[in-house]
Each structure stands twice: as C-alpha cells, then as structure tokens.
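What follows is a short report on a single structure.
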Amino acid sequence: MELELRTSTQQAAGSVSVSDATFGEAFREPLVHQVVTAYLAGGRAGTKAQKTRAEVRGGGAKPWRQKGTGRARSGTNRSPIWVGGGQHFPAKPRDHSQKVNRKMYRGALRSILSEFARQGRLHVVEQFSVSSPRTRDLAAELAAFGLEEALIVGAEVDRPLALASRNMPGVTVAVATDLDPVTLLRHGDVIITVDAVRRVEEWLG
C-alpha cells in the first residue's frame, strides 16, 4: 500500500510504499484492549503491604477480664476493630503482570498503526529534526503540520529533538523499535520518518 509523504498538512511530497501486513491490518479492538491492559498492569509495582493482627506489634495481654466489667469481651487490643490493630484483609506484595506473547503484542501494534494510517493521523516524512534543542523551533516544525501535540518517531535517537520536546507535555519523541501501545494511543497524531517506517516493518512484519 501507499502512504502519502508529507512536508506539511497542505503539501505532499509524493508517496512511500509500505507493507500491507504492517500498515494495512484490520483494527482488532479486543486484542488492543488486552495488550494495553497487560502493559499497564506490568507497570504496577505491586509492593503495597499491610499487617494482619498477628503481625502488628503488641496485643499480648487481654485488655480486661472476660466478665464483670460491663464492656464487650475482648481478647487483644490489636483486633482489626481497634485503633492500631491489624487489617482484616491486608494488602500483600503481589505480581500484577499478565501474560501476553510476542505475536499478540506485535499484532496489537500493527493494528494501532494501521488504524492511524486509515484515519489520516499517521504523517510520514522524509526527515523530522530541529536545528537547535529549543522548544520554539520544535513548535514551529509542528505548526507546519497544523499540530501542537504529536508522537514523533525516528529510526535513531535525535538528541536535539529529544531535548526540544522536554518542555512540551503533549509531545513525545521515540525510537521506532521502542514503540509501545500505550504511548501510541495517548497521542492523536504520529509523525514518523521513512527510515523509522522501515525499522517498524522489519520489527513487526
């Protein structure tokens, strides 16, 4: 299939031939949802911990005798209903990760990229860079595409571009082989260089 090669939203510089397998796949929402959920779950630390009544310090002696005081019977001041007591069902360290195999992960990425291409939100350019690591230079480059926010994907790390984007919350600079489904879906538009397209095809094809 062919994707338009752009210099701005008003100008086209020809077209670039891309793989149908990578950029022409049907959008599979259940797969994308599963992979995104697993990706987010994998980022959870799972280190929250609370103590049971057996783990809380103190509570060795019975607070008062069983009968004759007029108060409710109590065996320990570390009961969950007491202030300073243990938790009923305490949180314990756990692994939140979900299994997603490589074929599913790459299939979800292909599905997302293909949907971006169909919706005209994937802008392929020959080169995207800034002359100096300044936010105003990057803002001017994006304005040529009629954009204020975007995910910029290159074949290699572009340090001036990365530095220029740090003060722009809606702009992310990424390397083609480091793409992930959550980063893709957080942006409305993707600007990708031709070299990055070839890297993506090799990786996901």
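Here, A, B, ... name the chains of the structure tokens in the order displayed, residue numbers run from 1 inside each chain, and ligands are numbered from 1 in the same displayed order.
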Inset, instruction - Looking only at strand (DSSP E) from DSSP on the backbone, list the matching residues of range 44-137 of chain A as a list in words. - result: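 Output for range 44-137 of chain A, strand (DSSP E) only: Leu122, His123, Val124 and Val125 of chain A.
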Legend entry - Nearby residues (only C-alpha atoms) at most 10 Å from range 37-48 of chain A, same-chain spacing under 5 positions excluded, as a VMD selection string: chain A and resid 31 to 32 90 to 100 105 180 to 182
What does the file look like for those residues with N, CA and C atoms, as a compact mmCIF listing (two decimals), in the first residue's frame?
# COMPACT_ATOMS: atom_id res chain seq x y z
N LEU A 31 -8.04 -7.35 21.01
CA LEU A 31 -6.61 -7.61 21.15
C LEU A 31 -5.89 -6.39 21.69
N VAL A 32 -6.22 -5.21 21.14
CA VAL A 32 -5.58 -3.97 21.59
C VAL A 32 -5.89 -3.73 23.07
N PRO A 90 -5.47 -7.70 54.68
CA PRO A 90 -4.37 -6.78 54.34
C PRO A 90 -3.83 -7.01 52.94
N ALA A 91 -3.39 -5.90 52.32
CA ALA A 91 -2.72 -5.99 51.02
C ALA A 91 -1.34 -6.60 51.22
N LYS A 92 -0.95 -7.45 50.31
CA LYS A 92 0.36 -8.08 50.37
C LYS A 92 1.07 -7.90 49.02
N PRO A 93 2.39 -7.88 49.02
CA PRO A 93 3.11 -7.76 47.75
C PRO A 93 2.67 -8.83 46.75
N ARG A 94 2.42 -8.41 45.51
CA ARG A 94 1.96 -9.36 44.50
C ARG A 94 2.42 -8.92 43.12
N ASP A 95 2.39 -9.86 42.23
CA ASP A 95 2.79 -9.60 40.84
C ASP A 95 1.53 -9.39 40.02
N HIS A 96 1.37 -8.20 39.44
CA HIS A 96 0.18 -7.87 38.66
C HIS A 96 0.33 -8.20 37.17
N SER A 97 1.49 -8.67 36.76
CA SER A 97 1.75 -8.87 35.33
C SER A 97 0.82 -9.92 34.73
N GLN A 98 0.49 -9.70 33.46
CA GLN A 98 -0.35 -10.62 32.70
C GLN A 98 0.45 -11.14 31.51
N LYS A 99 0.21 -12.37 31.16
CA LYS A 99 0.97 -12.97 30.06
C LYS A 99 0.42 -12.51 28.71
N VAL A 100 1.28 -11.92 27.92
CA VAL A 100 0.96 -11.56 26.54
C VAL A 100 2.14 -11.99 25.69
N TYR A 105 1.44 -9.07 21.09
CA TYR A 105 1.95 -7.71 21.30
C TYR A 105 2.21 -7.00 19.97
N ASP A 180 5.41 1.44 22.02
CA ASP A 180 4.52 0.60 22.82
C ASP A 180 3.08 1.07 22.61
N PRO A 181 2.11 0.21 22.85
CA PRO A 181 0.71 0.54 22.55
C PRO A 181 0.17 1.71 23.35
N VAL A 182 0.58 1.85 24.60
CA VAL A 182 0.05 2.93 25.43
C VAL A 182 0.53 4.29 24.93
Inset, instruction - Could you give me the residues within range 1-201 of chain A that DSSP places in alpha helix (DSSP H), as a PyMOL selection string? - result: chain A and resi 20-23+29-42+102-118+135-143+159-165+181-185+194-201
Mind dumping the selected residues with C-alpha atoms as an mmCIF file, in the first residue's frame?
data_model
loop_
_atom_site.group_PDB
_atom_site.id
_atom_site.type_symbol
_atom_site.label_atom_id
_atom_site.label_comp_id
_atom_site.auth_asym_id
_atom_site.auth_seq_id
_atom_site.Cartn_x
_atom_site.Cartn_y
_atom_site.Cartn_z
ATOM 1 C CA ASP A 20 0.220 -4.149 3.903
ATOM 2 C CA ALA A 21 0.950 -6.594 6.722
ATOM 3 C CA THR A 22 2.159 -3.783 8.985
ATOM 4 C CA PHE A 23 0.069 -0.777 7.980
ATOM 5 C CA GLU A 29 -10.173 -3.831 19.471
ATOM 6 C CA PRO A 30 -10.274 -6.858 21.843
ATOM 7 C CA LEU A 31 -6.607 -7.612 21.148
ATOM 8 C CA VAL A 32 -5.578 -3.975 21.590
ATOM 9 C CA HIS A 33 -7.538 -3.761 24.844
ATOM 10 C CA GLN A 34 -5.926 -6.925 26.211
ATOM 11 C CA VAL A 35 -2.403 -5.826 25.317
ATOM 12 C CA VAL A 36 -2.887 -2.303 26.700
ATOM 13 C CA THR A 37 -4.327 -3.697 29.945
ATOM 14 C CA ALA A 38 -1.410 -6.108 30.288
ATOM 15 C CA TYR A 39 1.109 -3.343 29.532
ATOM 16 C CA LEU A 40 -0.349 -1.072 32.223
ATOM 17 C CA ALA A 41 -0.573 -3.951 34.697
ATOM 18 C CA GLY A 42 3.085 -4.750 34.094
ATOM 19 C CA ARG A 102 5.156 -11.684 21.336
ATOM 20 C CA LYS A 103 2.739 -12.422 18.497
ATOM 21 C CA MET A 104 -0.150 -10.740 20.331
ATOM 22 C CA TYR A 105 1.946 -7.708 21.299
ATOM 23 C CA ARG A 106 3.189 -7.095 17.773
ATOM 24 C CA GLY A 107 -0.269 -7.738 16.352
ATOM 25 C CA ALA A 108 -1.702 -5.019 18.593
ATOM 26 C CA LEU A 109 0.957 -2.547 17.450
ATOM 27 C CA ARG A 110 0.228 -3.325 13.793
ATOM 28 C CA SER A 111 -3.485 -2.877 14.444
ATOM 29 C CA ILE A 112 -2.973 0.539 16.062
ATOM 30 C CA LEU A 113 -0.597 1.796 13.363
ATOM 31 C CA SER A 114 -2.959 0.617 10.632
ATOM 32 C CA GLU A 115 -5.874 2.448 12.231
ATOM 33 C CA PHE A 116 -3.782 5.620 12.469
ATOM 34 C CA ALA A 117 -2.994 5.315 8.760
ATOM 35 C CA ARG A 118 -6.664 4.821 7.838
ATOM 36 C CA THR A 135 11.162 24.366 22.249
ATOM 37 C CA ARG A 136 10.181 27.203 19.908
ATOM 38 C CA ASP A 137 11.947 25.502 16.986
ATOM 39 C CA LEU A 138 10.051 22.265 17.558
ATOM 40 C CA ALA A 139 6.762 24.149 17.994
ATOM 41 C CA ALA A 140 7.370 25.823 14.628
ATOM 42 C CA GLU A 141 8.054 22.475 12.943
ATOM 43 C CA LEU A 142 4.834 21.024 14.362
ATOM 44 C CA ALA A 143 2.881 24.122 13.349
ATOM 45 C CA ARG A 159 19.230 14.312 20.928
ATOM 46 C CA PRO A 160 18.367 17.919 19.894
ATOM 47 C CA LEU A 161 14.805 16.823 19.109
ATOM 48 C CA ALA A 162 14.504 14.985 22.415
ATOM 49 C CA LEU A 163 15.785 17.997 24.337
ATOM 50 C CA ALA A 164 13.454 20.369 22.499
ATOM 51 C CA SER A 165 10.432 18.222 23.339
ATOM 52 C CA PRO A 181 0.711 0.541 22.550
ATOM 53 C CA VAL A 182 0.048 2.935 25.433
ATOM 54 C CA THR A 183 2.341 5.661 24.076
ATOM 55 C CA LEU A 184 0.753 5.325 20.640
ATOM 56 C CA LEU A 185 -2.797 5.603 21.948
ATOM 57 C CA VAL A 194 10.691 6.909 6.289
ATOM 58 C CA ASP A 195 13.692 5.245 7.973
ATOM 59 C CA ALA A 196 11.550 4.598 11.043
ATOM 60 C CA VAL A 197 8.838 3.076 8.854
ATOM 61 C CA ARG A 198 11.386 0.584 7.500
ATOM 62 C CA ARG A 199 12.528 -0.262 11.039
ATOM 63 C CA VAL A 200 8.918 -0.833 12.092
ATOM 64 C CA GLU A 201 8.309 -3.082 9.097
#
